[in-house]
$ cat coords-v3.txt   # compact mmCIF, C-alpha atoms and all ligand atoms
# COMPACT_ATOMS: atom_id res chain seq x y z
CA MET A 1 -14.83 26.42 26.21
CA LYS A 2 -16.52 23.65 28.13
CA ARG A 3 -16.32 21.39 25.15
CA THR A 4 -12.61 22.07 24.77
CA ILE A 5 -12.04 21.20 28.40
CA VAL A 6 -13.99 17.97 28.07
CA GLU A 7 -11.98 17.06 25.01
CA VAL A 8 -8.74 17.80 26.75
CA ILE A 9 -9.77 15.73 29.73
CA LEU A 10 -10.76 12.85 27.50
CA ALA A 11 -7.48 13.11 25.68
CA LEU A 12 -5.63 13.15 28.97
CA ALA A 13 -7.61 10.19 30.21
CA LEU A 14 -6.91 8.10 27.16
CA ILE A 15 -3.25 8.99 26.98
CA GLY A 16 -3.10 8.46 30.74
CA ALA A 17 -4.57 5.02 30.28
CA GLY A 18 -2.12 4.34 27.49
CA ALA A 19 0.81 5.53 29.54
CA PHE A 20 -0.47 3.39 32.40
CA GLY A 21 -0.25 0.37 30.15
CA TRP A 22 3.19 1.30 28.99
CA ILE A 23 4.53 1.91 32.47
CA HIS A 24 3.01 -1.27 33.74
CA TRP A 25 4.73 -2.98 30.89
CA LYS A 26 8.00 -1.39 31.96
CA GLY A 27 7.43 -2.39 35.54
CA ASN A 28 7.54 1.12 36.94
CA GLN A 29 5.31 0.64 39.94
CA LYS A 30 5.50 4.09 41.51
CA ALA A 31 4.56 6.00 38.42
CA THR A 32 1.91 3.41 37.76
CA SER A 33 0.00 4.24 40.91
CA GLN A 34 0.36 7.93 40.18
CA LEU A 35 -1.05 7.49 36.75
CA THR A 36 -3.87 5.32 38.00
CA GLU A 37 -4.85 8.17 40.26
CA LEU A 38 -4.43 10.61 37.43
CA LYS A 39 -6.68 8.54 35.22
CA ALA A 40 -9.29 8.17 37.94
CA ALA A 41 -9.18 11.88 38.63
CA SER A 42 -9.64 12.77 35.01
CA GLU A 43 -12.50 10.34 34.57
CA GLU A 44 -14.24 11.68 37.63
CA ALA A 45 -13.70 15.18 36.40
CA THR A 46 -15.22 14.30 33.06
CA LYS A 47 -18.38 13.06 34.75
CA ALA A 48 -18.75 16.22 36.70
CA VAL A 49 -18.40 18.50 33.72
CA GLY A 50 -21.09 21.13 33.25
CA GLU A 51 -21.60 21.77 36.91
CA LYS A 52 -18.16 21.44 38.31
CA GLU A 53 -15.71 23.20 36.09
CA ALA A 54 -13.64 23.92 39.14
CA ALA A 55 -13.15 20.21 39.68
CA ILE A 56 -11.94 19.81 36.14
CA LYS A 57 -9.53 22.64 36.59
CA ALA A 58 -8.23 21.07 39.76
CA ALA A 59 -7.81 17.78 37.98
CA GLU A 60 -5.97 19.49 35.16
CA GLU A 61 -3.67 21.19 37.62
CA GLU A 62 -3.09 17.95 39.39
CA MET A 63 -2.22 16.34 36.11
CA SER A 64 0.27 18.98 35.14
CA ALA A 65 1.80 18.78 38.60
CA LEU A 66 2.07 15.03 38.27
CA ARG A 67 3.56 15.49 34.88
CA GLU A 68 6.39 17.50 36.34
CA GLU A 69 7.14 14.74 38.73
CA MET A 70 7.35 12.26 35.98
CA ALA A 71 10.54 13.27 34.24
CA PRO A 72 11.12 9.76 32.91
CA LEU A 73 7.78 10.01 31.19
CA GLU A 74 8.86 12.92 29.04
CA ASN A 75 7.71 11.02 25.99
CA GLN A 76 4.20 10.68 27.27
CA ALA A 77 4.06 14.31 28.33
CA GLN A 78 5.07 15.37 24.86
CA GLN A 79 2.44 13.19 23.30
CA LEU A 80 -0.10 14.53 25.68
CA MET A 81 0.70 18.05 24.61
CA ALA A 82 0.56 17.05 20.97
CA VAL A 83 -2.85 15.47 21.43
CA LYS A 84 -4.03 18.45 23.40
CA ALA A 85 -2.92 20.85 20.69
CA ALA A 86 -4.47 18.68 18.03
CA MET A 87 -7.75 18.50 19.88
CA ALA A 88 -7.85 22.21 20.62
CA ASN A 89 -8.24 23.16 16.97
CA GLY A 90 -10.26 20.08 16.09
CA ALA A 91 -8.62 19.93 12.69
CA THR A 92 -6.53 16.82 13.14
CA LEU A 93 -9.26 14.23 12.82
CA ALA A 94 -10.79 15.90 9.78
CA ASP A 95 -7.36 16.24 8.18
CA LEU A 96 -6.46 12.67 8.87
CA GLU A 97 -9.77 11.37 7.59
CA ALA A 98 -9.36 13.42 4.43
CA ALA A 99 -5.76 12.27 3.99
CA TYR A 100 -6.73 8.65 4.40
CA LYS A 101 -9.72 8.93 2.13
CA SER A 102 -7.42 9.61 -0.81
CA GLN A 103 -5.35 6.60 0.16
CA LYS A 104 -6.63 3.23 -0.91
CA ASN A 105 -4.28 1.06 1.06
CA LEU A 106 -5.00 1.94 4.63
CA SER A 107 -3.03 -0.35 6.91
CA ALA A 108 -4.70 -1.86 9.95
CA GLU A 109 -2.36 0.10 12.21
CA ARG A 110 -3.44 3.36 10.62
CA GLN A 111 -7.06 2.39 10.99
CA VAL A 112 -6.45 1.85 14.67
CA GLY A 113 -4.70 5.20 14.89
CA LEU A 114 -7.61 6.83 13.15
CA GLY A 115 -10.03 5.02 15.45
CA ALA A 116 -8.14 6.24 18.50
CA LEU A 117 -8.22 9.80 17.19
CA ARG A 118 -11.95 9.54 16.55
CA MET A 119 -12.43 8.46 20.12
CA LEU A 120 -10.26 11.28 21.35
CA THR A 121 -12.24 13.76 19.32
CA LYS A 122 -15.75 12.41 19.64
CA GLY A 123 -15.42 10.96 23.08
CA ALA A 124 -15.25 7.39 24.30
CA GLU A 125 -19.04 7.46 24.77
CA ASP A 126 -19.72 7.70 21.04
CA PRO A 127 -20.79 4.12 20.21
CA VAL A 128 -19.92 4.46 16.52
CA ALA A 129 -16.39 5.66 17.28
CA VAL A 130 -15.88 2.94 19.87
CA GLU A 131 -17.17 0.23 17.58
CA ALA A 132 -14.95 1.39 14.70
CA PHE A 133 -11.95 1.38 17.03
CA ARG A 134 -12.75 -2.14 18.27
CA LYS A 135 -13.14 -3.37 14.74
CA ALA A 136 -9.83 -1.86 13.69
CA LEU A 137 -8.15 -3.41 16.74
CA LYS A 138 -9.49 -6.80 15.85
CA LEU A 139 -8.46 -6.39 12.26
CA SER A 140 -4.89 -5.62 13.19
CA GLU A 141 -4.66 -8.17 15.99
CA LEU A 142 -3.44 -5.37 18.17
CA GLY A 143 -4.90 -6.55 21.39
CA ASP A 144 -2.71 -5.07 24.06
CA ARG A 145 -2.31 -1.55 25.25
CA LYS A 146 1.21 -1.02 24.07
CA ASN A 147 0.18 -1.72 20.55
CA THR A 148 -2.83 0.52 20.91
CA ILE A 149 -0.53 3.34 21.95
CA CYS A 150 1.78 2.57 19.05
CA ALA A 151 -1.14 2.60 16.63
CA ALA A 152 -2.38 5.89 18.00
CA GLN A 153 1.12 7.36 17.80
CA ILE A 154 1.61 6.19 14.24
CA GLY A 155 -1.78 7.66 13.42
CA LEU A 156 -0.87 10.99 14.99
CA ALA A 157 2.53 11.05 13.30
CA ALA A 158 0.86 10.26 10.00
CA ALA A 159 -1.43 13.22 10.59
CA GLY A 160 1.66 15.40 10.75
CA GLU A 161 1.70 15.85 14.53
CA LYS A 162 5.12 16.33 16.05
CA ILE A 163 5.00 13.39 18.33
CA ALA A 164 7.73 11.34 19.94
CA ILE A 165 7.12 7.75 18.93
CA LEU A 166 8.08 5.21 21.55
CA PRO A 167 11.17 3.23 20.50
CA GLU A 168 9.07 0.11 21.06
CA CYS A 169 6.68 1.26 18.39
CA LEU A 170 9.32 1.61 15.70
CA PRO A 171 9.47 -1.31 13.31
CA LYS A 172 13.14 -2.06 13.80
CA SER A 173 13.19 -1.92 17.55
CA ALA A 174 10.34 -4.35 17.99
CA LYS A 175 12.16 -6.36 20.61
CA ALA A 176 11.79 -9.97 21.49
CA GLY A 177 12.53 -9.39 25.12
CA LYS A 178 11.49 -11.27 28.24
CA GLY A 179 8.48 -12.96 26.81
CA GLU A 180 6.86 -9.60 26.20
CA LYS A 181 6.40 -10.30 22.55
CA SER A 182 3.08 -9.18 21.23
CA PRO A 183 1.31 -11.43 18.74
CA SER A 184 2.17 -9.05 15.92
CA ASP A 185 5.86 -8.97 16.88
CA GLU A 186 5.96 -12.71 16.84
CA LYS A 187 4.35 -12.88 13.48
CA GLY A 188 6.78 -10.29 12.19
CA ALA A 189 9.80 -12.16 13.46
CA GLU A 190 8.61 -15.42 12.05
CA LYS A 191 7.88 -13.96 8.68
CA ASP A 192 11.16 -12.23 8.52
CA GLY A 193 13.87 -14.13 6.77
CA HIS A 194 15.67 -10.86 7.07
CA ALA A 195 15.39 -10.95 10.81
CA LYS A 196 15.43 -7.47 12.24
CA ASP A 197 17.31 -7.98 15.45
CA ASP A 198 18.75 -10.69 17.55
CA GLY A 199 16.83 -9.59 20.60
CA LYS A 200 19.85 -8.09 22.28
CA ASP A 201 19.71 -4.99 24.38
CA ASP A 202 18.80 -1.90 22.52
CA GLY A 203 21.86 0.31 22.55
CA HIS A 204 20.89 2.66 19.75
CA GLY A 205 18.33 5.19 18.80
CA LYS A 206 16.76 5.41 22.23
CA GLY A 207 16.76 9.18 22.24
CA ALA A 208 13.28 10.65 22.33
CA HIS A 209 14.17 12.96 19.47
CA GLU A 210 15.17 10.09 17.21
CA LYS A 211 12.43 8.68 15.09
CA LYS A 212 14.50 5.90 13.66
CA ALA A 213 16.40 3.30 15.63
CA VAL A 214 19.40 2.47 13.48
CA HIS A 215 20.90 -0.94 14.16
CA TRP A 216 22.61 -1.68 10.91
CA SER A 217 22.81 -0.38 7.40
CA TYR A 218 24.60 -0.93 4.11
CA GLU A 219 27.10 1.90 4.51
CA GLY A 220 28.94 3.99 7.06
CA GLU A 221 29.27 3.34 10.75
CA MET A 222 26.83 0.46 10.82
CA GLY A 223 27.79 -0.93 7.41
CA PRO A 224 28.42 -4.63 6.66
CA GLU A 225 32.03 -4.52 7.89
CA ARG A 226 30.76 -3.55 11.35
CA TRP A 227 27.75 -5.84 11.63
CA GLY A 228 29.85 -8.33 13.58
CA LYS A 229 30.18 -5.95 16.52
CA GLU A 230 26.54 -6.31 17.40
CA PHE A 231 25.80 -9.54 15.58
CA PRO A 232 28.77 -11.87 16.13
CA THR A 233 27.71 -14.51 13.59
CA CYS A 234 28.05 -11.93 10.81
CA ALA A 235 31.81 -11.79 11.49
CA LYS A 236 32.56 -15.22 12.95
CA GLY A 237 30.27 -17.43 10.89
CA LYS A 238 31.98 -19.84 8.49
CA ALA A 239 28.98 -20.41 6.21
CA GLN A 240 27.87 -16.90 5.37
CA SER A 241 25.92 -15.59 2.39
CA PRO A 242 26.03 -14.24 -0.26
CA LEU A 243 28.67 -15.96 -2.38
CA ASP A 244 30.55 -15.32 -5.56
CA ILE A 245 29.38 -18.43 -7.39
CA ARG A 246 32.10 -20.09 -9.45
CA GLY A 247 33.21 -23.66 -10.20
CA PRO A 248 34.10 -26.36 -9.61
CA PHE A 249 30.57 -27.52 -8.90
CA VAL A 250 29.31 -30.74 -7.39
CA LYS A 251 26.47 -32.49 -9.22
CA THR A 252 23.31 -32.92 -7.14
CA ARG A 253 20.12 -34.90 -7.70
CA THR A 254 18.10 -32.68 -5.43
CA VAL A 255 14.75 -31.85 -7.01
CA VAL A 256 13.27 -28.45 -6.30
CA THR A 257 9.79 -27.40 -7.41
CA THR A 258 7.61 -24.40 -6.65
CA ASP A 259 3.87 -24.22 -6.16
CA TYR A 260 3.17 -20.53 -5.67
CA LYS A 261 -0.39 -19.23 -5.49
CA GLU A 262 -2.02 -15.93 -6.24
CA GLY A 263 -3.19 -13.97 -3.20
CA PRO A 264 -3.83 -10.46 -1.88
CA LEU A 265 -0.75 -8.24 -2.13
CA LYS A 266 0.77 -7.23 1.21
CA MET A 267 4.01 -5.31 1.15
CA LEU A 268 6.21 -3.11 3.26
CA ASN A 269 9.27 -0.94 3.18
CA ASN A 270 11.23 -2.09 6.26
CA GLY A 271 14.00 0.46 5.85
CA HIS A 272 16.34 -2.10 4.30
CA THR A 273 14.33 -3.45 1.40
CA ILE A 274 10.91 -3.76 -0.18
CA GLN A 275 9.34 -6.93 1.13
CA VAL A 276 6.18 -8.72 0.02
CA ASN A 277 4.58 -10.85 2.73
CA VAL A 278 2.97 -13.89 1.18
CA PRO A 279 -0.33 -15.33 2.46
CA ALA A 280 -0.27 -19.02 3.45
CA GLY A 281 -0.56 -21.53 0.63
CA SER A 282 2.49 -20.94 -1.59
CA LYS A 283 5.05 -23.73 -1.31
CA LEU A 284 8.51 -24.84 -2.33
CA ARG A 285 9.37 -28.54 -2.31
CA ILE A 286 12.92 -29.80 -1.85
CA ASP A 287 13.00 -33.53 -2.56
CA GLY A 288 9.32 -33.59 -1.69
CA ILE A 289 9.67 -31.79 1.63
CA PRO A 290 7.33 -28.80 1.71
CA TYR A 291 8.55 -25.33 2.68
CA ASP A 292 6.09 -22.45 3.06
CA LEU A 293 6.89 -19.29 1.15
CA LEU A 294 6.85 -16.55 3.82
CA GLN A 295 8.01 -13.49 1.94
CA PHE A 296 10.15 -12.26 -0.88
CA HIS A 297 12.25 -9.11 -1.14
CA PHE A 298 14.75 -7.35 -3.37
CA HIS A 299 18.41 -6.39 -3.35
CA ARG A 300 20.13 -3.90 -5.63
CA PRO A 301 22.53 -4.89 -7.05
CA SER A 302 22.26 -8.68 -6.74
CA GLU A 303 24.02 -9.94 -3.63
CA GLU A 304 25.21 -13.09 -5.38
CA LYS A 305 27.77 -12.82 -8.11
CA ILE A 306 28.31 -15.33 -10.91
CA ASP A 307 31.99 -15.58 -11.82
CA GLY A 308 32.59 -12.28 -10.09
CA LYS A 309 29.75 -10.43 -11.83
CA PRO A 310 26.70 -9.03 -10.05
CA MET A 311 23.33 -8.55 -11.79
CA ALA A 312 21.15 -5.44 -11.61
CA MET A 313 19.02 -6.90 -8.79
CA VAL A 314 18.01 -10.15 -7.12
CA VAL A 315 14.74 -11.39 -5.63
CA HIS A 316 15.06 -13.60 -2.56
CA PHE A 317 12.12 -15.90 -1.90
CA VAL A 318 12.29 -16.94 1.77
CA HIS A 319 10.76 -20.30 2.77
CA LYS A 320 10.52 -22.26 5.98
CA ASN A 321 9.70 -25.92 6.61
CA ALA A 322 7.87 -27.51 9.55
CA GLU A 323 11.15 -27.88 11.45
CA GLY A 324 12.01 -24.23 11.06
CA LYS A 325 14.74 -24.74 8.45
CA LEU A 326 14.98 -21.85 5.99
CA ALA A 327 15.47 -22.10 2.24
CA VAL A 328 16.00 -19.14 -0.06
CA VAL A 329 15.44 -19.16 -3.81
CA GLY A 330 17.31 -16.35 -5.55
CA VAL A 331 16.21 -15.07 -8.93
CA LEU A 332 18.73 -12.78 -10.59
CA LEU A 333 17.27 -9.79 -12.42
CA LYS A 334 19.12 -8.68 -15.53
CA GLU A 335 18.69 -5.31 -17.16
CA GLY A 336 16.44 -5.65 -20.22
CA ASN A 337 12.72 -5.48 -20.99
CA GLU A 338 10.17 -4.24 -18.50
CA ASN A 339 9.09 -6.85 -15.96
CA PRO A 340 5.26 -6.87 -15.68
CA GLY A 341 5.29 -8.47 -12.21
CA ILE A 342 7.61 -5.79 -10.89
CA LYS A 343 5.45 -3.18 -12.57
CA THR A 344 2.53 -4.27 -10.38
CA LEU A 345 4.68 -4.33 -7.27
CA TRP A 346 6.35 -0.98 -7.88
CA ALA A 347 2.96 0.65 -8.50
CA ASN A 348 2.00 -0.25 -4.94
CA MET A 349 5.27 -0.09 -3.02
CA PRO A 350 5.67 2.27 -0.08
CA MET A 351 8.59 4.60 -0.77
CA GLU A 352 9.13 5.36 2.91
CA GLU A 353 9.77 2.96 5.76
CA GLY A 354 6.58 1.94 7.51
CA PRO A 355 4.10 -0.79 8.36
CA GLU A 356 2.70 -3.30 5.89
CA VAL A 357 0.25 -1.95 3.34
CA THR A 358 -2.51 -3.95 1.66
CA PRO A 359 -3.62 -2.17 -1.48
CA GLU A 360 -7.29 -2.86 -2.03
CA GLY A 361 -8.18 -5.30 -4.76
CA VAL A 362 -4.59 -6.05 -5.84
CA ASN A 363 -3.65 -9.69 -6.14
CA PHE A 364 -0.24 -11.05 -6.94
CA ASN A 365 1.23 -14.42 -7.79
CA PRO A 366 4.91 -14.73 -6.79
CA ALA A 367 5.33 -17.21 -9.65
CA ASN A 368 5.21 -14.16 -11.97
CA LEU A 369 8.78 -13.42 -10.92
CA LEU A 370 10.16 -16.89 -11.64
CA PRO A 371 11.88 -17.97 -14.86
CA ARG A 372 10.60 -21.07 -16.67
CA GLU A 373 13.70 -23.12 -16.09
CA PHE A 374 14.64 -24.15 -12.61
CA ASP A 375 18.32 -25.03 -12.94
CA PHE A 376 20.19 -23.82 -9.90
CA TYR A 377 23.38 -23.42 -7.94
CA SER A 378 22.96 -24.48 -4.35
CA TYR A 379 24.91 -24.08 -1.13
CA GLU A 380 24.50 -23.83 2.64
CA GLY A 381 24.56 -20.22 3.75
CA SER A 382 23.05 -17.66 6.06
CA LEU A 383 20.67 -14.75 6.24
CA THR A 384 22.38 -11.95 4.32
CA THR A 385 21.27 -9.40 6.91
CA PRO A 386 21.91 -9.24 10.68
CA PRO A 387 21.87 -11.42 12.70
CA CYS A 388 23.33 -13.46 9.76
CA THR A 389 21.94 -16.73 11.15
CA GLU A 390 23.34 -19.81 9.41
CA GLY A 391 21.63 -23.00 8.31
CA VAL A 392 19.88 -21.44 5.34
CA ARG A 393 19.83 -23.47 2.10
CA PHE A 394 20.28 -21.31 -0.99
CA PHE A 395 19.13 -22.08 -4.52
CA ILE A 396 20.29 -19.44 -6.98
CA LEU A 397 18.58 -19.94 -10.33
CA LYS A 398 20.79 -19.99 -13.41
CA THR A 399 18.15 -18.43 -15.63
CA THR A 400 17.81 -14.70 -15.14
CA VAL A 401 14.64 -12.62 -15.46
CA ASN A 402 14.44 -9.21 -17.10
CA VAL A 403 14.02 -5.91 -15.33
CA ALA A 404 13.94 -2.52 -17.07
CA LYS A 405 16.62 0.05 -16.30
CA GLU A 406 13.84 2.43 -15.21
CA GLN A 407 12.44 -0.20 -12.87
CA VAL A 408 15.84 -0.65 -11.23
CA ALA A 409 16.13 3.12 -10.88
CA ALA A 410 12.68 3.34 -9.28
CA PHE A 411 13.63 0.92 -6.48
CA PRO A 412 13.94 3.14 -3.39
CA PHE A 413 17.21 1.59 -2.16
CA LYS A 414 20.27 2.58 -4.17
CA ARG A 415 22.41 -0.10 -2.64
CA ASN A 416 21.17 -2.80 -0.26
CA ALA A 417 23.49 -5.72 -0.94
CA ARG A 418 25.87 -7.39 1.46
CA PRO A 419 29.32 -8.03 -0.08
CA VAL A 420 30.16 -11.63 -1.01
CA GLN A 421 31.52 -13.81 1.79
CA GLU A 422 34.30 -16.40 2.08
CA LEU A 423 33.48 -19.87 0.77
CA ASN A 424 35.45 -21.54 3.60
CA GLY A 425 35.55 -24.91 1.88
CA ARG A 426 31.81 -25.14 1.21
CA GLU A 427 30.59 -27.06 -1.80
CA ILE A 428 28.49 -25.37 -4.43
CA SER A 429 26.26 -27.90 -6.13
CA THR A 430 24.31 -27.75 -9.36
CA ASN A 431 21.52 -29.90 -10.79
ZN ZN A 501 17.75 -11.15 0.78
$ encode --input "coords-v3.txt" --output "structure tokens"
Amino acid sequence: MKRTIVEVILALALIGAGAFGWIHWKGNQKATSQLTELKAASEEATKAVGEKEAAIKAAEEEMSALREEMAPLENQAQQLMAVKAAMANGATLADLEAAYKSQKNLSAERQVGLGALRMLTKGAEDPVAVEAFRKALKLSELGDRKNTICAAQIGLAAAGEKIAILPECLPKSAKAGKGEKSPSDEKGAEKDGHAKDDGKDDGHGKGAHEKKAVHWSYEGEMGPERWGKEFPTCAKGKAQSPLDIRGPFVKTRTVVTTDYKEGPLKMLNNGHTIQVNVPAGSKLRIDGIPYDLLQFHFHRPSEEKIDGKPMAMVVHFVHKNAEGKLAVVGVLLKEGNENPGIKTLWANMPMEEGPEVTPEGVNFNPANLLPREFDFYSYEGSLTTPPCTEGVRFFILKTTVNVAKEQVAAFPFKRNARPVQELNGREISTN
């Protein structure tokens, strides 16, 4: 009994501390002071355990009383209850550890979540648990408290706990608001040729019961025809992608070469596509000017059409130069023989939306997805996903690469292609 109480108190203290961070982040001063007191009370109570069970009880009562007062913190209260329930039977940590043991590619976020759970279970005094948590934090560059909470929440959710995940913790609502960007958000935004959001106010998916914040999709209410409502450039832009590529073409002398390097495979399912994040070192050169390859991702069917015809799929390689200019190389995938590069990728791809995974010991060279010939069609276009930012140079290779019918069918998105856009007098060049 005593042990259970101590565990509950520790859980309360940690979640309290987490909530403190979150509230502080939200600028809610009143609740902040309440939670500071709550945290102090619970810590004091923990110290006194063994002799002063009454004090603990009082602290617990105080906490539940405070909880009632904090209606806006419903999320936190729910999490608190989830943690409490999880701790009471002691099974969560063991389950999670077992579940993760069978999983080779344990993301840094999950390690942090696991670390947090270990601390909750074993106590923040356990030096091994604390050290493991610190290490995981460092690994994931999740320095601040908000991210710690997110990691713990993702960990709990992964363990099957019914837990309300903060909207801020969901991949697609990672907001770039008021200079509050965390290092990992920044990295994500930079890496993302398929930018998630335009940083505007979050009007959707804020409900505590909603796990997924839907901003846009490829069909229905938030389909491509409606993107312009929230992302004006998608509707008003005059140089949008993708295009139906057809003549007449303008001859260009632009020389484009790739220098892609093998590196550890890092990939994610962002809810819109399968994306491979590429480690630094792989480059594209346009007339000698280097562009770093940031990531590549897939669309089914191909977004670009050639003379009105789409291909089974397309790979978009997204590059950025020192000035921030984006260049996309598109490789059209045509139904045919099995593609060995895609075989490797598909064997490791996450079927559900979630954070980046890094399968252990798997290397990949993006060059494996390129054809030998580098003849292209080129035009000035935009991101093909919201916010549809323009100023992106496209190079669509003329030579297609094979993909097996089964490989196309195994791609978890049935349709994730924006319809072709108006040319609006743009030139399409060819080398
Ligand atoms: Zn794309």
$ atom_distance --input "coords-v3.txt" --atom1 "atom CA of A:Thr258" --atom2 "atom CA of A:Gly288"
10.6 Å
$ residues_near_ligand --input "coords-v3.txt" --ligand "ligand ZN 501 (chain A)" --cutoff "7 Å" --atoms "all atoms listed in the file" --output "list in words"
His194, His297, Phe298, His299, His316 and Thr384 of chain A
$ residues_around --input "coords-v3.txt" --residues "stretch 365-378 of chain A" --least-positions-apart "4" --cutoff "9 Å" --atoms "only C-alpha atoms" --output "PyMOL selection string"
chain A and resi 245+249+252+256-265+278+282+296+315+317+331+339-342+393-401+427-431
$ residues_near_point --input "coords-v3.txt" --point "(23.3, -5.5, 10.6)" --cutoff "12 Å" --atoms "only C-alpha atoms" --output "ChimeraX atom specification"
/A:172,194-198,214-235,272,383-389,416-418
$ write_last_selection --input "coords-v3.txt" --atoms "C-alpha atoms" --output "CSV table (one decimal), keeping the file's coordinate frame"
chain,number,residue,atom,x,y,z
A,172,LYS,CA,13.1,-2.1,13.8
A,194,HIS,CA,15.7,-10.9,7.1
A,195,ALA,CA,15.4,-11.0,10.8
A,196,LYS,CA,15.4,-7.5,12.2
A,197,ASP,CA,17.3,-8.0,15.4
A,198,ASP,CA,18.8,-10.7,17.6
A,214,VAL,CA,19.4,2.5,13.5
A,215,HIS,CA,20.9,-0.9,14.2
A,216,TRP,CA,22.6,-1.7,10.9
A,217,SER,CA,22.8,-0.4,7.4
A,218,TYR,CA,24.6,-0.9,4.1
A,219,GLU,CA,27.1,1.9,4.5
A,220,GLY,CA,28.9,4.0,7.1
A,221,GLU,CA,29.3,3.3,10.8
A,222,MET,CA,26.8,0.5,10.8
A,223,GLY,CA,27.8,-0.9,7.4
A,224,PRO,CA,28.4,-4.6,6.7
A,225,GLU,CA,32.0,-4.5,7.9
A,226,ARG,CA,30.8,-3.6,11.4
A,227,TRP,CA,27.8,-5.8,11.6
A,228,GLY,CA,29.8,-8.3,13.6
A,229,LYS,CA,30.2,-6.0,16.5
A,230,GLU,CA,26.5,-6.3,17.4
A,231,PHE,CA,25.8,-9.5,15.6
A,232,PRO,CA,28.8,-11.9,16.1
A,233,THR,CA,27.7,-14.5,13.6
A,234,CYS,CA,28.0,-11.9,10.8
A,235,ALA,CA,31.8,-11.8,11.5
A,272,HIS,CA,16.3,-2.1,4.3
A,383,LEU,CA,20.7,-14.8,6.2
A,384,THR,CA,22.4,-12.0,4.3
A,385,THR,CA,21.3,-9.4,6.9
A,386,PRO,CA,21.9,-9.2,10.7
A,387,PRO,CA,21.9,-11.4,12.7
A,388,CYS,CA,23.3,-13.5,9.8
A,389,THR,CA,21.9,-16.7,11.2
A,416,ASN,CA,21.2,-2.8,-0.3
A,417,ALA,CA,23.5,-5.7,-0.9
A,418,ARG,CA,25.9,-7.4,1.5
$ residues_around --input "coords-v3.txt" --residues "A:Ala280" --least-positions-apart "6" --cutoff "8 Å" --atoms "only C-alpha atoms" --output "list of chain:residue names"
A:Asp292, A:Leu293, A:Leu294
$ residues_around --input "coords-v3.txt" --residues "A:Gln295" --least-positions-apart "3" --cutoff "7 Å" --atoms "all atoms listed in the file" --output "number ranges by chain"
A: 191, 275-278, 317-318
$ atom_distance --input "coords-v3.txt" --atom1 "atom CA of A:Leu333" --atom2 "atom CA of A:Ala239"
24.4 Å
$ axis_aligned_box --input "coords-v3.txt" --around "stretch 251-263 of chain A" --padding-each-side "3 Å" --output "AutoDock Vina command-line options"
--center_x 11.6 --center_y -24.4 --center_z -6.2 --size_x 35.7 --size_y 26.9 --size_z 12.0
$ atom_distance --input "coords-v3.txt" --atom1 "atom CA of A:Asn424" --atom2 "atom CA of A:Gly324"
24.7 Å
